[in-house]
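Trainee: One structure is given below, represented as structure tokens, and several questions about it will come after.
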Amino acid sequence: MRYVVLPLLIALTCALPAVAEVKPLSFDRTKTLLERYCTDCHNTDAPEADLDLTVYGTVDAVVAARPKWEQVLHRVRNGEMPPEGSDAPTLDERDELVEWIETALRSAACAGPPDPGPSPIRRLNRSEYRNTIRDLLGVHFDAAHALPADGAGGAGFDNAAETLFLSPVHAEKYLDAAREALDYAAKDVRSRKRIIIARPSDKLSADDAARKVLSRFALRAFRRPPSDEEIDRLLSLYRQAADSGSPYDDAVMYAMQAVLISPHFLFRVEQIPAGTSPQPVNDYELATRLSYFLWGSMPDDRLLDLARKQQLHNDDVLKAETLRMLKDRKSRGLSESFVGQWLGTRSLGVEYRPDPEVFRRYRPELESAMREEPIVVFLDILRENRSLLNLIDADFTYVNFDLARHYGIHKQIEGTLRQQLRRVDLPEDSHRGGVLTMAAVLAVSSYPDRTSPVLRGKWLLENVLGSPAPPPPPNVPELSEDDEAVKGKTLRERLLAHRANPTCAACHDRLDPLGFGLENFDAVGRWRTKDNDQPIDASGTLPGGATFNGPDELKKVLLARKDETMRHLTTKMLAYALGRGLVNEDYCTVDQIMDRLAANDYRAQELILGIVESVPFRQHRGRDHGQPSTTDDAPEMTEESTP
Amino acid sequence: MSRHDFPISRRTLLRGAGAALALPWLEAMAPRAALASGTASAPVRMAFLFMPNGVHPKFWTPEGTGSDFSLSPTLEPLADVRDQITVLTNLWHRNSNTGDGHYVKTSGFLTGTTINKTVGIAINCNGTSVDQLAAQRVGGATPLPSLELGTEPVSSGVDTNVGYTRVYGSHIAWRGPTQPLAKEINPRLVYERLFRAGKGSADAAREGRPLLDLVLDDARRLREQLGTTDRQKMDEYLESVRALEQRLERADSPEMNAWQPRAELNPKARPAETIPESHAEHVRLMLDMIVLAFQSDTTRICTFMFGNSVSNKNFSFLDGVSGAHHSLSHHQNEEDKLRQYQLINRWHVEQYAYLLRRLSEIPEGNGTLLDNSMVLFGSGLRDGNRHDPHNLPLVLGGRAGGRLQTGQHVVCGKDTPMSNLFVSMLDAFGSPVDQFADSTGPLKEILASS
């Protein structure tokens with residue numbers, strides 16, 4: 001008897017009408033398996049990896065601890081757990097366990113009525129502010145240059161509502177930036193014309209002209225039509241300036257300063273509907289969600305116009321607009337922000353700087369090209385609707401001359417290479433293609449002066465497979481790569497020696513082989529066949545038995561694990577689009593998108609459309625929505641330890 | 001009509017002040033006149049300098065106790081200000097003895113609290129940092145309540161290995177449990193901020209106030225429509241705008257403005273527009289800004305982060321070092337790494353010594369600016385290899401207007417709360433508290449016997 005219905009689950013399903021088909025689940029068999037293979041280590045007394053599997057008595061409890069169980073799922077599925085040397089489940093038992101966890105998590109996410117999750121108000125982050133001022137005023141001027149950087153939250157992006165704080169210093173900076181930007185716009189004929197759309201004339205009084213200008217400006221700045229009252233108040237600012245003798249242009253621009261420091265401009269605010277049930281966002285809000293997702297900037301006139309006509313929410317229009325926006329050059333905003341933070345390549349040259357003493361030919365120009373490569377490759381995949389699997393392995397990339405030479409492929413490339421990166425077909429033996437072998441990635445996953453298989457493995461697990469390794473247990477020092485006891489041995493031998501310790505091995509068996517697969521690349525991503533005159537051994541065996549030799553084969557292994565890689569990418573992109581960490585309900589959306597991707601050869605635009613058309617993107621919760629969500633990020637007080 | 005006819009003054013501050021020059025400090029930044037000193041007694045200033053990644057423990061603690069101590073190899077750069085410092089041994093943060101890695105030890109460094117483990121939602125440090133507590137009490141006396149400085153922008157991303165947002169590792173100043181304060185990392189922007197804060201004009205106030213009135217009104221109305229969490233964000237906005245408004249008002253009304261700069265800022269002294277490539281130069285400029293802020297009395301409270309925690313700043317610019325800060329701090333007791341780690345520690349102490357010397361070279365009242373300051377230097381963990389908040393490496397410099405005893409090595413009882421130090425610092429600052437975080441009383445040893 002595989003499925004015995006749990007009373008709790010019945011209660012849950014009965015309470016919720018219109019439930020998607022939910023398989024009744026039994027926890028009993030699973031518990032038996034857990035007790036047989038897992039709880040020797042993962043128990044209350046000394047929970048390995050801070051995981052106590054004895055505390056979960058119900059399916060609900062499992063679902064409530066989703067992040068932990070997602071990891072359990074990963075590791076059991078890949079044969080990483082139980083670790084080598086422990087009693088291992090049979091293949092059937094493993095499948096059973098995997099299927100149970102998967103079903104429990106997946107069906108729970110879609111069990112209730114559609115819930116769009118929270119949609120907190122959110123300050124424009126630094127790059128959104130920069131882009132918005134650029135598009136609002138039509139100036140090529142970095143208005144955000146003096147603003148403090150924003151930290152990241154949720155899924156690791158700096159557009160997460162929860163970590164976009166405001167310090168006392170911000171108001172001062174915003175006021176300065178507003179003045180500076182408007183000053184700049186005032187001096188630029190085209191920009192001035194763009195924002196001052198009316199001037200007093202025989203037929204138009206100064207007041208009426210100002211009203212027209214400010215109404216239009218406020219509509220674009222607030223991303224919704226301003227109320228009459230809002231316009232009246234702005235007009236009174238205009239009059240104050242005009243009455244004291246300011247010329248017309250200066251006086252309206254004075255009122256515009258107020259718009260640019262208003263919370264309605266600096267924050268994205270939505271009208272939350274009354275009641276408990278979710279409602280579609282209005283068309284202006286949808287335009288705003290779309291534009292900050294796909295452009296990292298404000299909606300353009302066309303979107304605002306479609307919103308005014310209340311057409312944007314029509315499925316066909318929404319799809320067409322999404323595709324139009326991806327083609328627009330502004331979609332670079334998405335690629336730059338998403339890719340740079342997902343892969344961590346944004347911090348190349350900031351937090352990660354290769355050591356100039358060791359890499360003497362490393363130049364700022366090369367660094368820029370390195371940082372640019374993943375951005376433009378992703379953009380190409382997006383705009384040309386290529387398979388997202390190209391991110392794992394591809395037969396093309398983008399290079400300029402510096403980068404091609406860095407890769408040692410400049411002689412094999414047809415045509416001229418200049419400063420600007422361009423698309424090139426990769427030579428057969430280039431070992432490049434896909435993000436793993438991009439120089440920027442290889443650099444940010446290294447030390448400044450040398451490579452580290454551990455760091456690279458950690459990078460890969462975290463960013464590509466979505467299965468980060470836990471930190472070393474307390475009081476166990478981080479794995480050293482040059483311990484006295486193993487001096488004189490190769491790095492591989494030294495790491496292997498450490499893995500003799502089962503505590504270390506549990507994680508390093510996963511980390512190190514992945515990293516070794518990339519050892520043919522030095523700490524700035526150049527190809528090499530030797531390190532310190534020793535030939536490179538880039539072979540590895542993963543827990544679960546998959547073997548490979550070198551980056552090309554490693555990519556094949558990862559391609560075979562596309563469920564994990566594509567799922568991770570989907571969660572990342574959804575969290576980025578929503579500007580928050582994901583909550584339980586969002587995994588229903590993730591599952592739907594995964595199905596959609598699998599059915600469509602993992603085409604990039606399916607991912608974007610899947611998100612844009614999803615419940616959390618198109619709806620928000622009612623004001624009286626009571627239930628707090630279980631989050632990826634359930635905050636916990638770290639326990640105070642006894643002194 | 002030209003734009004210059006606009007009667008509400010346009011922003012002219014710092015425009016046309018000539019090319020930016022990074023002149024040697026003494027030449028450029030010397031006060032034109034000591035304005036207010038001599039009459040009123042000089043105020044006490046407090047600064048907190050945070051060094052990431054701990055210290056090589058063996059080379060940190062001085063030999064001997066009380067006034068009879070000799071500086072350790074790491075502290076040796078403090079030799080010429082030895083009389084002006086107190087080295088503190090055996091202080092710790094009980095509440096940061098938890099959580100993985102550095103995050104609790106950074107955000108908790110000046111709060112003495114434990115932080116919520118989160119990658120974003122419900123971020124909370126469960127306290128207010130000691131500098132902000134002081135700022136909330138006396139910050140109104142100066143144009144800027146406090147100044148938050150650093151050299152690195154907020155670290156990007158979240159640390160999925162340990163489950164914390166790196167926001168925690170990038171902030172030591174917390175205005176309240178849920179509000180870390182953004183830090184300024186560009187010396188030029190700090191300078192401009194100081195300059196403007198001290199030089200508010202009636203014109204700027206007349207121009208700015210109607211704008212702020214309008215948006216404050218917007219924010220208040222908006223706030224009414226929001227749920228609890230969202231209100232918090234709007235409160236941050238309101239506070240921020242009000243702070244600016246107050247400054248404008250102050251500039252416009254002499255009766256509100258009892259404050260006088262103690263020294264004028266010289267526009268020629270402003271740093272270059274871009275952040276220096278060299279970390280050493282960058283740090284020096286930021287420390288210069290602290291001196292300027294204190295000297296002019298634009299603020300009396302400042303925090304400075306040499307780097308964010310887990311900073312992997314490459315220190316190969318130092319002779320004998322070829323690696324990055326955080327990785328070297330995980331030295332595994334290997335001789336070579338320890339040696340380099342100690343050199344990095346020592347470099348930080350050198351910078352601290354530089355700041356103390358600068359302050360000591362500026363006469364104020366009957367003594368020096370350093371005599372009227374207290375500058376705490378330290379790290380939120382001891383041995384970088386162990387992430388251990390016992391026996392934190394700490395030095396306190398300056399006499400806080402004669403309230404502190406210096407020239408000593410104070411060895412406290414094992415595991416004395418570092419919060420006790422904060423209690424006594426707040427006392428010396430003139431804003432005493434009964435209790436701070438896990439404090440059990442004052443740290444009497446640092447106070448001058450009266």
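Ligands are numbered from 1 in the order shown, chains are lettered A, B, ... in the order of the structure tokens, and residues start at 1 in each chain.
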Could you tell me, as a list of chain:residue names, which residues of stretch 190-390 of chain A DSSP assigns to strand (DSSP E) when given the backbone?
Mentor: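 These are the residues in question: A:Phe267, A:Arg268, A:Gln279, A:Pro280.
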Trainee: Please save N, CA and C atoms of the selected residues as a tab-separated table (two decimals), in the first residue's frame.
Mentor:
chain	number	residue	atom	x	y	z
A	267	PHE	N	9.42	54.99	-5.53
A	267	PHE	CA	8.93	53.65	-5.19
A	267	PHE	C	7.97	53.18	-6.25
A	268	ARG	N	7.95	51.88	-6.45
A	268	ARG	CA	6.90	51.28	-7.26
A	268	ARG	C	5.77	50.90	-6.31
A	279	GLN	N	-6.30	39.65	-7.19
A	279	GLN	CA	-6.88	40.35	-8.33
A	279	GLN	C	-5.80	40.64	-9.34
A	280	PRO	N	-6.19	40.74	-10.61
A	280	PRO	CA	-5.19	41.13	-11.59
A	280	PRO	C	-4.68	42.54	-11.29
Trainee: With only C-alpha atoms as the counted atoms, please give the residues lying no more than 6 Å from stretch 292-306 of chain B, apart from itself and same-chain residues fewer than 5 positions off, as an NGL selection string.
Mentor: :B and (45-51 or 142-150 or 261-263)
Trainee: For atom CA of A:Val269 and atom CA of A:Arg122, determine how far apart the two atoms are, in Å to one decimal place.
Mentor: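 Atom CA of A:Arg122 lies at a distance of 7.1 Å from atom CA of A:Val269.
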Trainee: Can you pull out every residue within 10 Å of stretch 378-384 of chain B, counting only C-alpha atoms, but drop anything in the same chain fewer than 4 positions away, and send it as a ChimeraX atom specification?
Mentor: /B:48-58,60,88,92-93,96-97,101-110,172,305,309-310,325-332,341,348-349,352,388-396
Trainee: Once you have the residues from the selection above, write them out as a compact mmCIF listing (two decimals), in the first residue's frame, restricted to C-alpha atoms.
Mentor:
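File result.txt, as written:
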# COMPACT_ATOMS: atom_id res chain seq x y z
CA PHE B 48 34.57 53.34 15.16
CA LEU B 49 36.97 51.71 12.73
CA PHE B 50 36.07 48.20 11.66
CA MET B 51 38.73 45.90 10.28
CA PRO B 52 37.35 42.80 8.53
CA ASN B 53 38.56 39.23 9.01
CA GLY B 54 40.14 39.28 12.49
CA VAL B 55 43.80 39.13 13.50
CA HIS B 56 46.74 36.81 13.90
CA PRO B 57 46.17 36.28 17.64
CA LYS B 58 49.76 35.56 18.63
CA TRP B 60 48.25 41.01 18.66
CA LEU B 88 41.68 46.07 25.45
CA TRP B 92 33.74 39.64 23.69
CA HIS B 93 30.32 39.63 22.09
CA SER B 96 27.65 36.97 18.07
CA ASN B 97 28.94 33.60 19.22
CA GLY B 101 30.93 32.87 9.29
CA HIS B 102 31.27 36.58 9.60
CA TYR B 103 27.82 38.07 9.30
CA VAL B 104 26.73 38.16 12.93
CA LYS B 105 30.19 39.40 13.87
CA THR B 106 29.88 42.36 11.56
CA SER B 107 26.34 43.58 11.93
CA GLY B 108 26.58 42.78 15.62
CA PHE B 109 29.93 44.51 16.10
CA LEU B 110 28.42 47.77 17.32
CA ILE B 172 28.13 48.11 11.15
CA MET B 305 34.73 50.01 7.51
CA SER B 309 33.52 41.34 6.13
CA VAL B 310 34.78 38.42 4.08
CA HIS B 325 42.57 39.30 2.80
CA HIS B 326 39.86 36.77 3.56
CA SER B 327 41.61 33.76 2.12
CA LEU B 328 44.79 34.60 4.01
CA SER B 329 42.78 35.00 7.21
CA HIS B 330 41.95 31.30 6.86
CA HIS B 331 45.60 30.62 7.50
CA GLN B 332 45.28 27.01 8.71
CA TYR B 341 47.95 37.80 7.54
CA HIS B 348 45.44 48.35 9.21
CA VAL B 349 46.97 49.37 12.53
CA TYR B 352 44.65 53.70 12.52
CA ASP B 388 35.57 33.34 17.21
CA PRO B 389 34.14 36.40 19.00
CA HIS B 390 36.09 35.79 22.23
CA ASN B 391 38.82 38.20 23.23
CA LEU B 392 38.20 40.60 20.39
CA PRO B 393 41.12 42.65 19.09
CA LEU B 394 40.33 46.20 20.20
CA VAL B 395 42.17 49.45 20.75
CA LEU B 396 40.62 52.67 21.97
Trainee: Just the alpha helix (DSSP H) stuff from stretch 257-439 of chain A, please, per backbone DSSP, written as a PyMOL selection string.
Mentor: chain A and resi 257-260+263-266+283-294+301-308+315-327+332-342+364-383+401-406+439
